[in-house]
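Peer 1: I'd like to ask some things about the structure below.
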Amino acid sequence: MCGIIGYIGDKQAQPILLGGLARLEYRGYDSCGVALAGGTLEVYKDAVRVEKLAKVSPQLDGTVGIAHTRWATHGEPSRVNAHPHLDCTGKIAVVHNGVINNYQRLKQQLISEGHKFVSETDTEVIPHLIEKYYEGDLEKAVEAALREVEGSYAIIVLMADEPGLVAARKDSPLIIGIGDRENFIASDVPAILGHTDRVIYLEEGDIVVVTGDSVRVSRDGVEVDWKEHKVSWSVEDAQKAGYEHFILKEIHEQPRVIRDTLGEYISAAEPIVDVADTSLESMLILACGTSYHAALVGKYIVEELLRIPVRAELASEFSYHGQSPATTMTIVITQSGETADTLKAMKKLKEAGCRVIAVTNVVGSSATRIAEQTVYIRAGPEISVAATKSFIAQLMALYWLALSYSVLDMRTRDSLIMELRQLPEKVQQVLNNEDMISECARYLSKYENAFFIGRGINFAIALEGALKLKEISYIHAEGYAAGELKHGPFALLSPDMPVIAIVAQDNTYEAMLTNIKEVKARGSPVIALAEEGDEVIGELADSVITVPQVAPIFSPVVNTVALQLLAYYTAKQRGCPIDFPRNLAKSVTVE
Ligand code: M6R
C-alpha cells in the first residue's frame, strides 16, 4: 500500500526522502514521486521503481519536501496518477495514503467552481480543497478541507513559501520522527530508521504542524500534548545483512525470533493476557492471510490445551456476518496492525461490547489503539511482503497463551514448555537442511500447479505452504485438508499436478499415508514432509523433505519453515521478484 515520508530540517531533503522511499518499497507500490519546496515547488514522479526515480530526477536544492510510493486504487499506475498531487496554482502538494470515498462528488463540485483536474485519483481533490480554503493559514485550510472529506487518510501537505509541513491522519497510520534540528513524518517506522529512534504515534483525527525544531499537534481544533516513544528496531534490522533477499534473511532469523518472543513472555511477571471478566469458556480468533493461518493453528492449540471451543474466522468475512458474545475471549492477529479488514472486525466487536486482544508486531499500530490489550510478538521489522518470521512469532504467542491457561497436569505442561524452548534449535536444523530443500524446489519449479495437503493441526500449514508458494513463485497452489481431496479435487490429479503432503507423527499419520497412496495411484508426483526416522514414507513419496522430531503440537513450526524454504527456492529458480511480488502490498490498508 502507499507509503509516505516528509522531511524538514537543516539537511538536503532529496537524498533523505529517496532513502526513506527505498525503505518503504516493502509495502508494495507501482509508482513513486517527490516534491521539494523552495520559492516554488519542484515535483518528480513516475510509474517507476524508486531506484530509477533517484537516477532520473535532477539534484534538487531544498531542505523541506515530501515523497510517496503509490499502490494504485483509483487510476492505473502512471506518471499523472502518481503522487504528489498539486492544486491549480502548483503551490500546494499533497501525498496521501488511504481512500477518499466521496471524491467524485467533491471533484464535480470543485470542477464547477473552476478547478482543473489532471489525474484519475481520489487524492487530487485534497490539494484543490486546500487551495479553495486557503486564506494565508495552511493549517486552517487543511482542517477545512478535511471536514469535507469522507474516507481514510494519512496526508502530508507541502506549500511553497510555508515554514512548515502540515500532516493529518484518519484510519491510516502516521508517525512523527523527532530529530536534532530536523523532523520527519512517515507512514511507518522503517522510513525513518537510521535518522532517529524518537517517534510520536499520531492519534485518530490529529492534525500536526511540523517545522525543523517544533511539532504542534491538535485534535478537534485544540492543541494536545504528545508522547515520545523510543523505537527498538535498528536500521540493520531492516537491511538484508548479506542475504540475497529480505525473505531469506527473515526465514533465517526465526530461531532468534522464537527466542526473543518466548524470552519476553517467560520472563514476564504476569500472564501475557489478562483474562479479566472473560470466563475462558470459548474463544474467537480473527485475522487475514497468513495471520489467519496462525489463527487456525491457534484453534487446534487452544482446543487441545484448554479444552474449550475455538472459532478461527477471516476478519474480512466476520465484519459482514459475524457475531460473538461479550464473554468470549476475542483475539485478533495482525503483523502490521493496520490491515483494514481486521481493524473493521475489531471495531465491530468493540461496539458489541467485546474485549479485544491484539497480537501484533508493530508498536503503536492502529490495532493496538482499538484493542483492550496488546500482546507484542518480537519479530522485528518484516520487510518481505510474504510473511514468514511474523507467522512463527504469532504461533509462539498462541502457544504461550494456551500453555498459561492449559488444563494439563503440571508435568505434561512443563515438558511441553521445555520442548517449546528447544524450538530454536529444531528450526535451525530445518535451516541446515536448506540444500536438500532447494533440490526439491528445482523439481517443483517446473510445474504450474500444486496441491498442499495436511490433516489436523497441519491442515493450516498446508494452507500457509500453498499461500507462500503462490505469492512468491506465481505457481497456482491450493492448500487442502488431505481427506477432502477425494471429494472433488481428485479430478485434477495427473503427472502435471504435484502434491506436497505434510505427514505428522500424530493421530493423522495412518490416514495421511492412505491419502498419499491414493494420490500416487492417480499419477501425481508426491513430495512428502516427514519427521526424521520415518522409515515408511520414503517408499511412498517421490521425494522426502525431513524435519526434526518434535511434539505433534509443535510440528507446524518446523513444517512451516521447511515450506517457506521450498517456496523461496522455487521462486528463485523461476526468477521471480521474491521480496516484492506483483500486485501485492505488505499491509493491506483498504477493504
Ligand atoms: O499485517 P497482517 O498480518 O494483518 O496482514 C495480513 C495479510 O495481509 C498477510 O498475512 C498476507 O497474507 C501476507 N502477504 C502473506 O504472506
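Lettering and numbering for the C-alpha cells are positional, with chains as A, B, ... in the shown order, residues counted from 1 in each chain, and ligands counted from 1 in the shown order.
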Report the residues of range 325-378 of chain A whose backbone DSSP state falls under strand (DSSP E), written as a PyMOL selection string.

Peer 2: chain A and resi 329-334+356-360+373-376

Peer 1: Residues contacting ligand 1 - anything with an atom at most 8 Å away, using only C-alpha atoms and all ligand atoms - can you give me those as a PDB file with N, CA and C atoms, in the first residue's frame?

Peer 2:
ATOM      1  N   ALA A 287      -8.386 -12.962  11.836  1.00  0.00           N
ATOM      2  CA  ALA A 287      -7.188 -12.466  11.154  1.00  0.00           C
ATOM      3  C   ALA A 287      -7.383 -12.606   9.645  1.00  0.00           C
ATOM      4  N   CYS A 288      -6.408 -12.131   8.885  1.00  0.00           N
ATOM      5  CA  CYS A 288      -6.416 -12.274   7.422  1.00  0.00           C
ATOM      6  C   CYS A 288      -5.109 -12.915   6.954  1.00  0.00           C
ATOM      7  N   GLY A 289      -5.171 -13.558   5.806  1.00  0.00           N
ATOM      8  CA  GLY A 289      -3.961 -14.064   5.139  1.00  0.00           C
ATOM      9  C   GLY A 289      -3.183 -15.023   6.017  1.00  0.00           C
ATOM     10  N   THR A 290      -1.876 -14.823   6.042  1.00  0.00           N
ATOM     11  CA  THR A 290      -1.009 -15.689   6.838  1.00  0.00           C
ATOM     12  C   THR A 290      -1.384 -15.645   8.319  1.00  0.00           C
ATOM     13  N   SER A 291      -1.769 -14.476   8.790  1.00  0.00           N
ATOM     14  CA  SER A 291      -2.163 -14.371  10.205  1.00  0.00           C
ATOM     15  C   SER A 291      -3.399 -15.227  10.483  1.00  0.00           C
ATOM     16  N   TYR A 292      -4.263 -15.377   9.475  1.00  0.00           N
ATOM     17  CA  TYR A 292      -5.435 -16.252   9.632  1.00  0.00           C
ATOM     18  C   TYR A 292      -4.976 -17.708   9.772  1.00  0.00           C
ATOM     19  N   ILE A 333      -5.224 -11.313  15.254  1.00  0.00           N
ATOM     20  CA  ILE A 333      -3.793 -11.462  14.957  1.00  0.00           C
ATOM     21  C   ILE A 333      -3.497 -10.639  13.718  1.00  0.00           C
ATOM     22  N   THR A 334      -2.541  -9.745  13.806  1.00  0.00           N
ATOM     23  CA  THR A 334      -2.173  -8.936  12.655  1.00  0.00           C
ATOM     24  C   THR A 334      -0.725  -8.482  12.781  1.00  0.00           C
ATOM     25  N   GLN A 335       0.110  -8.895  11.855  1.00  0.00           N
ATOM     26  CA  GLN A 335       1.509  -8.499  11.896  1.00  0.00           C
ATOM     27  C   GLN A 335       1.633  -6.993  11.923  1.00  0.00           C
ATOM     28  N   SER A 336       1.004  -6.356  10.926  1.00  0.00           N
ATOM     29  CA  SER A 336       1.179  -4.912  10.737  1.00  0.00           C
ATOM     30  C   SER A 336       0.354  -4.088  11.719  1.00  0.00           C
ATOM     31  N   GLY A 337      -0.757  -4.652  12.173  1.00  0.00           N
ATOM     32  CA  GLY A 337      -1.688  -3.868  12.992  1.00  0.00           C
ATOM     33  C   GLY A 337      -2.450  -2.846  12.180  1.00  0.00           C
ATOM     34  N   GLU A 338      -2.378  -2.934  10.849  1.00  0.00           N
ATOM     35  CA  GLU A 338      -3.008  -1.918  10.002  1.00  0.00           C
ATOM     36  C   GLU A 338      -3.940  -2.518   8.959  1.00  0.00           C
ATOM     37  N   THR A 339      -4.154  -3.832   8.955  1.00  0.00           N
ATOM     38  CA  THR A 339      -4.986  -4.447   7.929  1.00  0.00           C
ATOM     39  C   THR A 339      -6.433  -3.962   8.060  1.00  0.00           C
ATOM     40  N   THR A 342      -9.162  -6.369   9.202  1.00  0.00           N
ATOM     41  CA  THR A 342      -9.020  -6.774  10.606  1.00  0.00           C
ATOM     42  C   THR A 342      -9.477  -5.646  11.529  1.00  0.00           C
ATOM     43  N   THR A 360       0.231  -8.449  17.775  1.00  0.00           N
ATOM     44  CA  THR A 360       0.795  -7.697  16.647  1.00  0.00           C
ATOM     45  C   THR A 360       2.300  -7.506  16.804  1.00  0.00           C
ATOM     46  N   VAL A 385       7.269  -8.826   1.533  1.00  0.00           N
ATOM     47  CA  VAL A 385       5.800  -8.800   1.511  1.00  0.00           C
ATOM     48  C   VAL A 385       5.242 -10.114   2.066  1.00  0.00           C
ATOM     49  N   ALA A 386       5.858 -11.215   1.704  1.00  0.00           N
ATOM     50  CA  ALA A 386       5.387 -12.514   2.205  1.00  0.00           C
ATOM     51  C   ALA A 386       5.800 -12.669   3.667  1.00  0.00           C
ATOM     52  N   ALA A 387       4.822 -12.971   4.491  1.00  0.00           N
ATOM     53  CA  ALA A 387       5.092 -13.086   5.926  1.00  0.00           C
ATOM     54  C   ALA A 387       5.758 -14.424   6.244  1.00  0.00           C
ATOM     55  N   THR A 388       6.823 -14.388   7.036  1.00  0.00           N
ATOM     56  CA  THR A 388       7.485 -15.633   7.456  1.00  0.00           C
ATOM     57  C   THR A 388       7.715 -15.605   8.968  1.00  0.00           C
ATOM     58  N   SER A 390       7.044 -13.417  11.164  1.00  0.00           N
ATOM     59  CA  SER A 390       5.936 -12.928  11.999  1.00  0.00           C
ATOM     60  C   SER A 390       4.959 -14.073  12.278  1.00  0.00           C
ATOM     61  N   LEU A 467      -0.090 -20.776   0.179  1.00  0.00           N
ATOM     62  CA  LEU A 467      -0.106 -19.303   0.043  1.00  0.00           C
ATOM     63  C   LEU A 467       1.295 -18.782  -0.242  1.00  0.00           C
ATOM     64  N   LYS A 468       2.276 -19.321   0.498  1.00  0.00           N
ATOM     65  CA  LYS A 468       3.649 -18.846   0.311  1.00  0.00           C
ATOM     66  C   LYS A 468       4.122 -19.142  -1.105  1.00  0.00           C
ATOM     67  N   GLU A 471       2.244 -16.853  -3.708  1.00  0.00           N
ATOM     68  CA  GLU A 471       2.532 -15.413  -3.732  1.00  0.00           C
ATOM     69  C   GLU A 471       3.940 -15.082  -4.186  1.00  0.00           C
ATOM     70  N   LEU A 584       0.979  -7.142  -4.959  1.00  0.00           N
ATOM     71  CA  LEU A 584       0.767  -7.323  -3.520  1.00  0.00           C
ATOM     72  C   LEU A 584       1.315  -6.148  -2.720  1.00  0.00           C
ATOM     73  N   ALA A 585       0.761  -5.988  -1.532  1.00  0.00           N
ATOM     74  CA  ALA A 585       1.239  -4.945  -0.625  1.00  0.00           C
ATOM     75  C   ALA A 585       1.466  -5.576   0.736  1.00  0.00           C
ATOM     76  N   LYS A 586       2.410  -5.044   1.464  1.00  0.00           N
ATOM     77  CA  LYS A 586       2.733  -5.629   2.777  1.00  0.00           C
ATOM     78  C   LYS A 586       1.586  -5.439   3.764  1.00  0.00           C
ATOM     79  N   SER A 587       1.127  -4.193   3.899  1.00  0.00           N
ATOM     80  CA  SER A 587      -0.048  -4.074   4.766  1.00  0.00           C
ATOM     81  C   SER A 587      -1.214  -3.577   3.922  1.00  0.00           C
ATOM     82  N   VAL A 588      -2.305  -4.308   4.014  1.00  0.00           N
ATOM     83  CA  VAL A 588      -3.432  -4.071   3.108  1.00  0.00           C
ATOM     84  C   VAL A 588      -4.409  -3.134   3.813  1.00  0.00           C
TER      85      VAL A 588
END

Peer 1: Taking into account only C-alpha atoms, which residue in the set A:Leu146, A:Ala402, A:Val222, A:Ile266 is nearest to Glu304 in chain A?

Peer 2: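 Smallest distance to Glu304 in chain A is found for A:Ala402.
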
Peer 1: Residues within 12 Å of range 316-329 of chain A, please, as a VMD selection string. Count only C-alpha atoms; anything in the same chain fewer than 4 positions from it doesn't count.

Peer 2: chain A and resid 273 to 289 292 302 308 to 312 339 to 358 372 to 373 401 588 590 to 591

Peer 1: From the list A:Gln108, A:Asn559, A:Gln549, A:Ser218, which residue is nearest Gln422 in chain A when using only C-alpha atoms?

Peer 2: A:Gln549

Peer 1: I need the residue nearest Phe246 in chain A from this list: A:Asp435, A:Glu535, A:Glu464, A:Glu382. Use only C-alpha atoms for the distance.

Peer 2: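 With only C-alpha atoms as the atom set, the closest residue is A:Glu382.
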
Peer 1: Can you tell me, as an NGL selection string, what residues are no more than 7 Å from range 20-26 of chain A when counting only C-alpha atoms, ignoring any on the same chain fewer than 6 positions away?

Peer 2: :A and (3 or 5 or 50 or 68-69 or 190-192 or 383-385 or 580 or 586)

Peer 1: So which residues touch Lys486 in chain A within 12 Å, counting only C-alpha atoms, skipping near sequence neighbours fewer than 3 positions away, as a ChimeraX atom specification?

Peer 2: /A:453,480-483,489-493,514-519,522

Peer 1: For the selection just defined, write its residues with N, CA and C atoms to a file, as a compact mmCIF listing (two decimals), in the first residue's frame.

Peer 2:
# COMPACT_ATOMS: atom_id res chain seq x y z
N ILE A 453 -1.29 -30.74 1.00
CA ILE A 453 -2.29 -31.38 1.85
C ILE A 453 -1.74 -31.64 3.26
N TYR A 480 -5.20 -27.97 0.96
CA TYR A 480 -6.41 -28.77 1.17
C TYR A 480 -6.27 -29.64 2.40
N ALA A 481 -7.39 -29.87 3.06
CA ALA A 481 -7.41 -30.91 4.09
C ALA A 481 -7.29 -32.23 3.35
N ALA A 482 -6.31 -33.05 3.72
CA ALA A 482 -5.97 -34.22 2.91
C ALA A 482 -7.19 -35.10 2.65
N GLY A 483 -8.07 -35.21 3.63
CA GLY A 483 -9.24 -36.08 3.46
C GLY A 483 -10.25 -35.53 2.47
N PRO A 489 -11.31 -32.46 -5.82
CA PRO A 489 -10.03 -32.12 -6.47
C PRO A 489 -9.30 -33.31 -7.11
N PHE A 490 -9.67 -34.53 -6.75
CA PHE A 490 -9.05 -35.69 -7.40
C PHE A 490 -9.13 -35.58 -8.92
N ALA A 491 -10.16 -34.91 -9.41
CA ALA A 491 -10.32 -34.76 -10.86
C ALA A 491 -9.12 -34.07 -11.49
N LEU A 492 -8.37 -33.34 -10.68
CA LEU A 492 -7.22 -32.59 -11.22
C LEU A 492 -5.91 -33.35 -11.12
N LEU A 493 -5.92 -34.48 -10.43
CA LEU A 493 -4.64 -35.19 -10.23
C LEU A 493 -4.14 -35.78 -11.54
N THR A 514 -2.52 -43.25 3.70
CA THR A 514 -3.56 -43.72 2.76
C THR A 514 -3.79 -42.66 1.70
N ASN A 515 -3.91 -41.41 2.11
CA ASN A 515 -4.15 -40.32 1.14
C ASN A 515 -3.01 -40.25 0.11
N ILE A 516 -1.78 -40.43 0.58
CA ILE A 516 -0.64 -40.35 -0.33
C ILE A 516 -0.73 -41.48 -1.37
N LYS A 517 -1.10 -42.67 -0.90
CA LYS A 517 -1.24 -43.81 -1.84
C LYS A 517 -2.31 -43.51 -2.88
N GLU A 518 -3.40 -42.92 -2.43
CA GLU A 518 -4.50 -42.58 -3.36
C GLU A 518 -4.02 -41.58 -4.41
N VAL A 519 -3.25 -40.63 -3.96
CA VAL A 519 -2.74 -39.58 -4.88
C VAL A 519 -1.78 -40.21 -5.89
N ARG A 522 -3.19 -42.04 -8.77
CA ARG A 522 -3.77 -41.21 -9.83
C ARG A 522 -2.71 -40.42 -10.59
